[in-house]
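> Please find data_8.txt (compact mmCIF, C-alpha atoms) on the next line:
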```
# COMPACT_ATOMS: atom_id res chain seq x y z
CA MET A 1 0.00 0.00 0.00
CA LEU A 2 1.37 3.42 -0.96
CA TYR A 3 0.50 6.43 1.21
CA ASP A 4 1.00 9.99 -0.04
CA CYS A 5 2.45 11.76 2.98
CA ARG A 6 2.11 15.13 1.24
CA SER A 7 -1.56 14.92 2.28
CA LEU A 8 -1.94 15.47 6.04
CA ALA A 9 -4.66 12.86 6.53
CA GLU A 10 -2.87 10.25 4.42
CA ARG A 11 0.43 11.08 6.12
CA ASP A 12 -1.08 10.18 9.51
CA ARG A 13 -2.54 6.95 8.12
CA GLY A 14 0.69 6.05 6.38
CA ILE A 15 2.90 6.65 9.41
CA ALA A 16 0.55 4.60 11.59
CA ALA A 17 0.55 1.78 9.01
CA ALA A 18 4.35 1.86 8.76
CA ILE A 19 4.80 1.73 12.53
CA GLU A 20 2.40 -1.21 12.78
CA ALA A 21 4.15 -3.02 9.91
CA VAL A 22 7.60 -2.61 11.48
CA LYS A 23 6.34 -3.84 14.86
CA ASN A 24 4.87 -6.87 13.07
CA GLY A 25 8.21 -7.70 11.46
CA GLU A 26 7.23 -6.46 7.99
CA LEU A 27 9.06 -4.16 5.58
CA VAL A 28 8.39 -0.50 4.87
CA VAL A 29 9.76 2.09 2.47
CA LEU A 30 10.25 5.57 3.88
CA PRO A 31 11.79 8.85 2.75
CA THR A 32 15.07 10.09 4.18
CA ASP A 33 17.11 13.22 3.54
CA THR A 34 19.19 11.30 0.97
CA VAL A 35 17.39 8.54 -0.97
CA TYR A 36 14.37 6.41 -0.03
CA GLY A 37 15.10 3.52 2.30
CA ILE A 38 13.65 0.04 2.81
CA GLY A 39 13.44 -0.65 6.51
CA ALA A 40 12.74 -3.33 9.11
CA ASP A 41 12.90 -3.66 12.87
CA ALA A 42 16.62 -4.00 13.64
CA PHE A 43 15.88 -6.45 16.47
CA THR A 44 13.73 -8.88 14.44
CA PRO A 45 16.18 -11.20 12.62
CA TYR A 46 13.62 -12.63 10.16
CA ALA A 47 12.61 -9.08 9.18
CA VAL A 48 16.25 -8.15 8.49
CA THR A 49 16.60 -11.34 6.43
CA ALA A 50 13.46 -10.36 4.48
CA LEU A 51 15.02 -6.93 3.83
CA LEU A 52 18.21 -8.50 2.46
CA ASN A 53 16.16 -10.92 0.33
CA ALA A 54 14.01 -8.08 -1.05
CA LYS A 55 17.15 -6.27 -2.18
CA GLY A 56 18.82 -9.44 -3.47
CA ARG A 57 21.68 -8.98 -1.04
CA GLY A 58 23.57 -11.45 1.16
CA ARG A 59 24.60 -11.39 4.81
CA SER A 60 28.04 -10.10 3.83
CA MET A 61 26.47 -6.65 3.21
CA PRO A 62 24.62 -5.87 6.47
CA PRO A 63 22.25 -2.89 6.40
CA PRO A 64 22.91 0.31 8.34
CA VAL A 65 20.71 1.22 11.30
CA LEU A 66 18.67 4.43 11.44
CA VAL A 67 17.74 5.99 14.78
CA GLY A 68 15.23 8.65 15.73
CA SER A 69 17.37 10.51 18.28
CA ARG A 70 21.00 10.99 19.24
CA HIS A 71 20.34 9.40 22.64
CA THR A 72 19.39 6.10 21.02
CA LEU A 73 23.01 5.71 19.92
CA ASP A 74 24.17 5.32 23.54
CA GLY A 75 22.03 2.21 23.90
CA LEU A 76 23.60 0.56 20.86
CA VAL A 77 27.31 0.94 21.61
CA PHE A 78 29.61 -0.28 24.35
CA THR A 79 31.67 2.91 24.34
CA LEU A 80 31.51 5.86 21.98
CA PRO A 81 34.80 7.51 20.94
CA SER A 82 35.00 11.25 21.54
CA ALA A 83 35.42 11.81 17.79
CA ALA A 84 32.10 10.02 17.23
CA ARG A 85 30.36 12.24 19.77
CA ASP A 86 31.78 15.36 18.13
CA LEU A 87 30.69 14.27 14.65
CA VAL A 88 27.21 13.32 15.84
CA ALA A 89 26.84 16.68 17.61
CA ALA A 90 27.86 18.50 14.43
CA PHE A 91 26.06 16.51 11.72
CA TRP A 92 23.05 14.67 13.20
CA PRO A 93 20.38 14.64 12.10
CA GLY A 94 21.87 14.59 8.63
CA ALA A 95 23.77 12.72 5.96
CA LEU A 96 26.51 11.23 8.14
CA THR A 97 26.75 7.50 8.85
CA ILE A 98 29.19 6.42 11.55
CA VAL A 99 30.60 2.92 11.93
CA VAL A 100 31.13 1.98 15.58
CA GLU A 101 31.48 -1.17 17.66
CA HIS A 102 28.03 -2.22 18.86
CA SER A 103 27.31 -3.47 22.35
CA PRO A 104 27.90 -7.25 22.50
CA SER A 105 24.72 -7.69 24.55
CA LEU A 106 22.39 -6.54 21.75
CA GLN A 107 19.88 -9.18 20.63
CA TRP A 108 20.05 -8.56 16.91
CA ASP A 109 21.41 -10.18 13.75
CA LEU A 110 22.10 -7.71 10.96
CA GLY A 111 24.37 -10.07 9.02
CA ASP A 112 28.15 -10.47 9.04
CA THR A 113 29.01 -7.27 10.92
CA ALA A 114 32.20 -8.33 12.75
CA GLY A 115 30.82 -6.61 15.84
CA THR A 116 30.30 -3.23 14.21
CA VAL A 117 27.26 -1.26 13.10
CA ALA A 118 26.75 1.69 10.74
CA VAL A 119 24.35 4.19 12.34
CA ARG A 120 22.66 7.35 11.09
CA MET A 121 19.96 9.77 12.23
CA PRO A 122 18.22 11.10 9.11
CA MET A 123 16.93 14.63 8.75
CA HIS A 124 13.44 13.90 7.45
CA PRO A 125 10.29 14.50 9.51
CA VAL A 126 8.43 11.43 8.22
CA ALA A 127 11.37 9.10 8.89
CA LEU A 128 11.94 10.56 12.35
CA GLU A 129 8.27 10.23 13.26
CA VAL A 130 8.35 6.53 12.37
CA LEU A 131 11.70 5.88 14.05
CA ARG A 132 10.69 7.51 17.32
CA GLU A 133 7.87 4.96 17.63
CA THR A 134 9.60 1.87 16.26
CA GLY A 135 13.07 2.30 17.74
CA PRO A 136 16.19 1.48 15.68
CA MET A 137 15.50 0.20 12.18
CA ALA A 138 17.73 -1.63 9.74
CA VAL A 139 17.45 0.52 6.62
CA SER A 140 19.11 0.20 3.23
CA SER A 141 18.50 2.08 -0.01
CA ALA A 142 15.09 1.11 -1.43
CA ASN A 143 16.20 -0.64 -4.60
CA LYS A 144 17.26 -4.02 -5.90
CA THR A 145 21.02 -4.48 -5.60
CA GLY A 146 22.67 -3.15 -8.75
CA GLN A 147 19.69 -0.96 -9.69
CA PRO A 148 19.47 2.83 -9.26
CA ALA A 149 18.53 4.09 -5.80
CA ALA A 150 14.89 5.12 -5.57
CA THR A 151 14.23 8.85 -5.26
CA THR A 152 10.46 8.38 -4.78
CA ALA A 153 8.38 5.71 -3.07
CA GLU A 154 6.78 4.94 -6.41
CA GLU A 155 10.19 4.16 -7.93
CA ALA A 156 10.88 1.90 -4.95
CA ARG A 157 7.56 0.10 -5.44
CA ASP A 158 8.43 -0.55 -9.10
CA GLN A 159 11.55 -2.43 -7.92
CA LEU A 160 10.42 -4.02 -4.65
CA GLY A 161 6.73 -4.69 -5.26
CA TYR A 162 4.80 -6.80 -2.77
CA SER A 163 7.81 -7.56 -0.56
CA VAL A 164 7.06 -4.25 1.22
CA ARG A 165 3.93 -3.72 3.33
CA ALA A 166 3.78 0.11 3.38
CA TYR A 167 5.30 2.72 1.08
CA LEU A 168 5.48 6.29 2.38
CA GLU A 169 5.61 8.79 -0.49
CA ALA A 170 6.91 12.28 0.29
CA GLY A 171 7.90 13.43 -3.19
CA THR A 172 11.27 13.32 -4.92
CA ALA A 173 14.24 13.02 -2.56
CA PRO A 174 15.64 16.55 -2.21
CA ASP A 175 19.30 15.51 -2.25
CA PRO A 176 19.79 11.99 -3.60
CA VAL A 177 23.50 11.93 -2.74
CA PRO A 178 24.25 9.07 -0.32
CA SER A 179 25.46 9.77 3.20
CA THR A 180 29.14 10.08 4.02
CA ILE A 181 30.36 7.03 5.97
CA VAL A 182 33.06 7.41 8.63
CA ASP A 183 34.71 4.43 10.35
CA LEU A 184 35.35 5.18 14.02
CA THR A 185 36.41 1.68 15.10
CA GLY A 186 40.16 2.34 14.76
CA GLU A 187 42.52 4.79 16.43
CA ILE A 188 42.15 7.31 13.60
CA PRO A 189 38.72 8.10 12.08
CA ARG A 190 38.58 7.21 8.40
CA VAL A 191 36.16 8.03 5.59
CA LEU A 192 34.83 4.83 3.98
CA ARG A 193 32.49 6.52 1.50
CA GLU A 194 32.54 10.11 0.35
CA GLY A 195 28.98 11.41 0.17
CA ALA A 196 26.86 14.41 1.03
CA ILE A 197 29.21 15.78 3.70
CA PRO A 198 32.64 16.61 2.23
CA LEU A 199 35.92 15.71 3.93
CA GLU A 200 36.82 19.34 4.63
CA LYS A 201 33.62 19.79 6.65
CA LEU A 202 34.42 16.67 8.67
CA ARG A 203 37.95 17.97 9.34
CA GLU A 204 36.53 21.17 10.82
CA VAL A 205 35.21 18.93 13.61
CA VAL A 206 37.79 16.11 13.69
CA PRO A 207 41.03 17.48 12.16
CA ASP A 208 42.90 14.14 11.99
CA ILE A 209 40.19 12.28 10.05
CA GLN A 210 41.61 10.40 7.06
CA GLY A 211 40.10 10.52 3.58
CA ARG A 212 39.62 7.46 1.42
CA GLU A 213 42.90 8.10 -0.38
CA ALA A 214 44.92 7.81 2.86
```
Render the structure in this file as C-alpha cells.


Amino acid sequence: MLYDCRSLAERDRGIAAAIEAVKNGELVVLPTDTVYGIGADAFTPYAVTALLNAKGRGRSMPPPVLVGSRHTLDGLVFTLPSAARDLVAAFWPGALTIVVEHSPSLQWDLGDTAGTVAVRMPMHPVALEVLRETGPMAVSSANKTGQPAATTAEEARDQLGYSVRAYLEAGTAPDPVPSTIVDLTGEIPRVLREGAIPLEKLREVVPDIQGREA
C-alpha cells in the first residue's frame, strides 16, 4: 500500500501503518534526507533477512541502522569515541553515517558485521516520526542491488513490489547523494564513502580524520 504523505490525513494513516508493519516484522519504504530507504525492525532477525532478500543482497552486506534521536546511539554501543560524539553533535540529524562497535549484549542479527554497526539519524520529519515509535531500524536504499537508488516511493515500489507492506511517499528526494560514511572503530577516524558531507567539513570537527585516499 502506498501512502502519499504530502496529504496530512494520508500522512497520519501512512505513518501509523508503517509503525504497525515494522512492529509486526514487515518491511516498509520511507523517505530520508538522501534517498528512499527500505526498513525493518533491527531487532527482528527474520525481518532483516526479508530486507536482504528483497534487495537481493547477502549477509556479507549488512544494512545500516537508522535511529530517531541521538540518545538512542548510547544504547547501541559499548563505548563511543569522543570523535564520534563530536561528529554526531555536528552533523546529526543529517547525511553522516558512523561505523562503531556495537554493544555485545544486543539481541540482533544484521548479518556479518564483525561486531560493528553503521548508524545514522536522518533529517526527514516522516522518517523521524516513524523511528521515534519503532526504535532502531535496519534501513538500506530502497532498490534491488545493482539498480538505481529510488528517489520516490513509487520508484521503490516498481523495484520491490509486494515484498514491502507500506510505502510512504513524500515526493522526490531533495538531495539523492548518499550519506558520508566514517569508520570510528580504529585509532584514527577514516572516511569509507565520500557522500553528502565533504571531507573538509568533517575535518573542521575532527582534524585528523583520514580521507579514502589515505

> Find the residue from A:Leu51, A:Val205, A:Val99, A:Ala89 that sits nearest to A:Val191; use all atoms listed in the file when measuring.

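Using all atoms listed in the file, A:Val191 sits closest to A:Val99.
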
> Please indicate the distance in Å from atom CA of A:His71 to atom CA of A:Thr185, rounded to one decimal place.

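If I compute the distance from atom CA of A:His71 to atom CA of A:Thr185, I get 19.4 Å.
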
> Pick the closest to A:Tyr162 from A:Val29, A:Met121, A:Leu96, A:Ala9: which is it, counting all atoms listed in the file?

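Smallest distance to A:Tyr162 is found for A:Val29.
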
> Looking at all atoms listed in the file, which of A:Gly14, A:Gly211, A:Gly195, A:Gly186 is the one that sits closest to A:Ala84?

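Nearest candidate to A:Ala84 out of A:Gly14, A:Gly211, A:Gly195, A:Gly186: A:Gly186.
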
> Give me the residues within 8 Å of A:Ala150 as an mmCIF file with C-alpha atoms, in the coordinates of the input, counting only C-alpha atoms and dropping any in the same chain fewer than 4 places off.


```
data_model
loop_
_atom_site.group_PDB
_atom_site.id
_atom_site.type_symbol
_atom_site.label_atom_id
_atom_site.label_comp_id
_atom_site.auth_asym_id
_atom_site.auth_seq_id
_atom_site.Cartn_x
_atom_site.Cartn_y
_atom_site.Cartn_z
ATOM 1 C CA VAL A 35 17.390 8.540 -0.970
ATOM 2 C CA TYR A 36 14.370 6.410 -0.030
ATOM 3 C CA SER A 141 18.500 2.080 -0.010
ATOM 4 C CA ALA A 142 15.090 1.110 -1.430
ATOM 5 C CA ASN A 143 16.200 -0.640 -4.600
ATOM 6 C CA GLU A 155 10.190 4.160 -7.930
ATOM 7 C CA ALA A 156 10.880 1.900 -4.950
#
```

> With distances taken over all atoms listed in the file, which residue among A:Asn24, A:Thr145, A:Ser60, A:Gln159 lies nearest A:Asp41?

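Of all the options, A:Asn24 lies closest to A:Asp41.
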
> Out of A:Asp112, A:Glu129, A:Asp33, A:Asp158, which residue has the shortest atom-to-atom distance to A:Pro93 when counting only C-alpha atoms?

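Comparing A:Asp112, A:Glu129, A:Asp33, A:Asp158 against A:Pro93, the winner is A:Asp33.
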
> List the neighbours of A:Pro136 out to 7 Å using all atoms listed in the file; skip same-chain residues closer than 2 positions along the sequence, and give me the result as a PDB file with C-alpha atoms, keeping the file's coordinate frame.


```pdb
ATOM      1  CA  ASP A  41      12.900  -3.660  12.870  1.00  0.00           C
ATOM      2  CA  ALA A  42      16.620  -4.000  13.640  1.00  0.00           C
ATOM      3  CA  VAL A  65      20.710   1.220  11.300  1.00  0.00           C
ATOM      4  CA  LEU A  66      18.670   4.430  11.440  1.00  0.00           C
ATOM      5  CA  VAL A  67      17.740   5.990  14.780  1.00  0.00           C
ATOM      6  CA  LEU A 131      11.700   5.880  14.050  1.00  0.00           C
ATOM      7  CA  THR A 134       9.600   1.870  16.260  1.00  0.00           C
ATOM      8  CA  ALA A 138      17.730  -1.630   9.740  1.00  0.00           C
TER       9      ALA A 138
END
```

> Which is closer to A:Ala40 than all the others in A:His124, A:Arg57, A:Arg203, A:Arg165, using all atoms listed in the file?

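Distance minimum relative to A:Ala40 lands on A:Arg165.
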
> Would you pick out the contacts of A:Asp74 at 10 Å or less, using all atoms listed in the file, so that residues sharing its chain but fewer than 5 positions from it are not included, and give the list as a ChimeraX atom specification?

/A:79-80,102-103

> For those residues, write C-alpha atoms to a file as a compact mmCIF listing (two decimals), keeping the file's coordinate frame.


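After the write, part20.txt holds the following:
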```txt
# COMPACT_ATOMS: atom_id res chain seq x y z
CA THR A 79 31.67 2.91 24.34
CA LEU A 80 31.51 5.86 21.98
CA HIS A 102 28.03 -2.22 18.86
CA SER A 103 27.31 -3.47 22.35
```

> Do a neighbour search on A:Asp175 at 10 Å with only C-alpha atoms, toss out local chain neighbours closer than 6 positions, and write the hits as a PDB file with C-alpha atoms, keeping the file's coordinate frame.


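Writing done, so here's around_13.pdb:
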```pdb
ATOM      1  CA  THR A  32      15.070  10.090   4.180  1.00  0.00           C
ATOM      2  CA  ASP A  33      17.110  13.220   3.540  1.00  0.00           C
ATOM      3  CA  THR A  34      19.190  11.300   0.970  1.00  0.00           C
ATOM      4  CA  VAL A  35      17.390   8.540  -0.970  1.00  0.00           C
ATOM      5  CA  ALA A  95      23.770  12.720   5.960  1.00  0.00           C
ATOM      6  CA  THR A 151      14.230   8.850  -5.260  1.00  0.00           C
ATOM      7  CA  ALA A 196      26.860  14.410   1.030  1.00  0.00           C
TER       8      ALA A 196
END
```

> Between atom CA of A:Trp108 and atom CA of A:Val177, what is the distance in Å, rounded to a tenth?

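Value for the atom CA of A:Trp108-atom CA of A:Val177 distance: 28.6 Å.
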
> Enter the distance from atom CA of A:Gly111 to atom CA of A:Gly58, in Å, rounded to one decimal.

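One can read the atom CA of A:Gly111 to atom CA of A:Gly58 distance as 8.0 Å.
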
> How close does stretch 67-117 of chain A get to stretch 181-184 of chain A? List, as a Markdown table, each residue of stretch 67-117 of chain A within 6 Å, its nearest atom pair and the distance in Å to one decimal, counting only C-alpha atoms.


```
| residue | atom | partner | partner_atom | distance |
| --- | --- | --- | --- | --- |
| A:Thr97 | CA | A:Ile181 | CA | 4.6 |
| A:Ile98 | CA | A:Val182 | CA | 4.9 |
| A:Val99 | CA | A:Asp183 | CA | 4.7 |
| A:Val100 | CA | A:Leu184 | CA | 5.5 |
```

> Just C-alpha atoms for this one: save the residues we selected as a PDB file, in the coordinates of the input.


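Done, and the output landed in result_7.pdb:
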```
ATOM      1  CA  THR A  97      26.750   7.500   8.850  1.00  0.00           C
ATOM      2  CA  ILE A  98      29.190   6.420  11.550  1.00  0.00           C
ATOM      3  CA  VAL A  99      30.600   2.920  11.930  1.00  0.00           C
ATOM      4  CA  VAL A 100      31.130   1.980  15.580  1.00  0.00           C
TER       5      VAL A 100
END
```

> For A:Asp109, list every protein, DNA or RNA residue within 8 Å, evaluated using only C-alpha atoms, and leave out those in the same chain fewer than 5 positions away; present the list as a ChimeraX atom specification.

/A:42-45,48
